[in-house]
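For reference, the structure is listed below as structure tokens.
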Amino acid sequence: MSRKPSFANLRDRQAAIPTIAPSTSPAVVPPKGPASREGRKQIAGFFTPEMSFAMHMLARRQGRSLQALMAEAFNDVLRKHGESPIGD
């Protein structure tokens, strides 16, 4: 039966790994997401499967996106609490 290798062996290998010198080039810019998400933030929540199904069915019947229905609901909550609706 073979033994598992010791983690102590890895300690010696760590010194042998060369370090990468920082480059003088400008910082790497991460790729942008879709243009439709630019300037927007995600709001998420966890709901029951029944709520999810009902919202998806309503959106389908009205020919609208789930996001559009959620924006409408959030605006209604803002109005209910005396705040100005934001829009989409």
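Labels used: A, B, ... for chains in the order of the structure tokens, numbers from 1 for residues in each chain, and numbers from 1 for ligands as shown.
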
List the neighbours of segment 30-47 of chain A out to 12 Å using only C-alpha atoms; skip same-chain residues closer than 3 positions along the sequence, and give me the result as a list of chain:residue names.
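Surrounding residues, per the criterion: A:Ala27, A:Glu50, A:Met51, A:Ser52, A:Phe53, A:Ala54, A:Met55, A:Gln67, A:Met70, A:Ala71, A:Phe74, A:Asp88.
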
Output the selection as an mmCIF file, in the first residue's frame - C-alpha atoms for each residue.
```cif
data_model
loop_
_atom_site.group_PDB
_atom_site.id
_atom_site.type_symbol
_atom_site.label_atom_id
_atom_site.label_comp_id
_atom_site.auth_asym_id
_atom_site.auth_seq_id
_atom_site.Cartn_x
_atom_site.Cartn_y
_atom_site.Cartn_z
ATOM 1 C CA ALA A 27 -3.200 47.737 -15.443
ATOM 2 C CA GLU A 50 -44.773 29.229 -6.891
ATOM 3 C CA MET A 51 -43.881 32.943 -6.856
ATOM 4 C CA SER A 52 -41.269 32.421 -9.553
ATOM 5 C CA PHE A 53 -43.725 30.529 -11.739
ATOM 6 C CA ALA A 54 -46.482 33.127 -11.236
ATOM 7 C CA MET A 55 -44.166 36.024 -12.124
ATOM 8 C CA GLN A 67 -37.095 42.581 -15.172
ATOM 9 C CA MET A 70 -39.825 43.766 -11.126
ATOM 10 C CA ALA A 71 -39.091 47.421 -11.955
ATOM 11 C CA PHE A 74 -40.201 48.258 -7.048
ATOM 12 C CA ASP A 88 -36.754 51.199 -15.348
#
```

Quick check, in Å to one decimal: how far apart do atom CA of Leu66 of chain A and atom CA of Arg79 of chain A lie?
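One can read the atom CA of Leu66 of chain A to atom CA of Arg79 of chain A distance as 20.0 Å.
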
Just to confirm, what's the straight-line distance from atom CA of Leu58 of chain A to atom CA of Asn75 of chain A in Å (one decimal)?
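Atom CA of Asn75 of chain A lies at a distance of 17.5 Å from atom CA of Leu58 of chain A.
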
Under the rule that only C-alpha atoms are counted, which of A:His56, A:Lys80, A:Val28, A:Arg3 is the nearest residue to Ala68 of chain A?
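Of all the options, A:His56 lies closest to Ala68 of chain A.
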
How far is it from atom CA of Gln62 of chain A to atom CA of Pro85 of chain A, in Å with one decimal?
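If I compute the distance from atom CA of Gln62 of chain A to atom CA of Pro85 of chain A, I get 21.5 Å.
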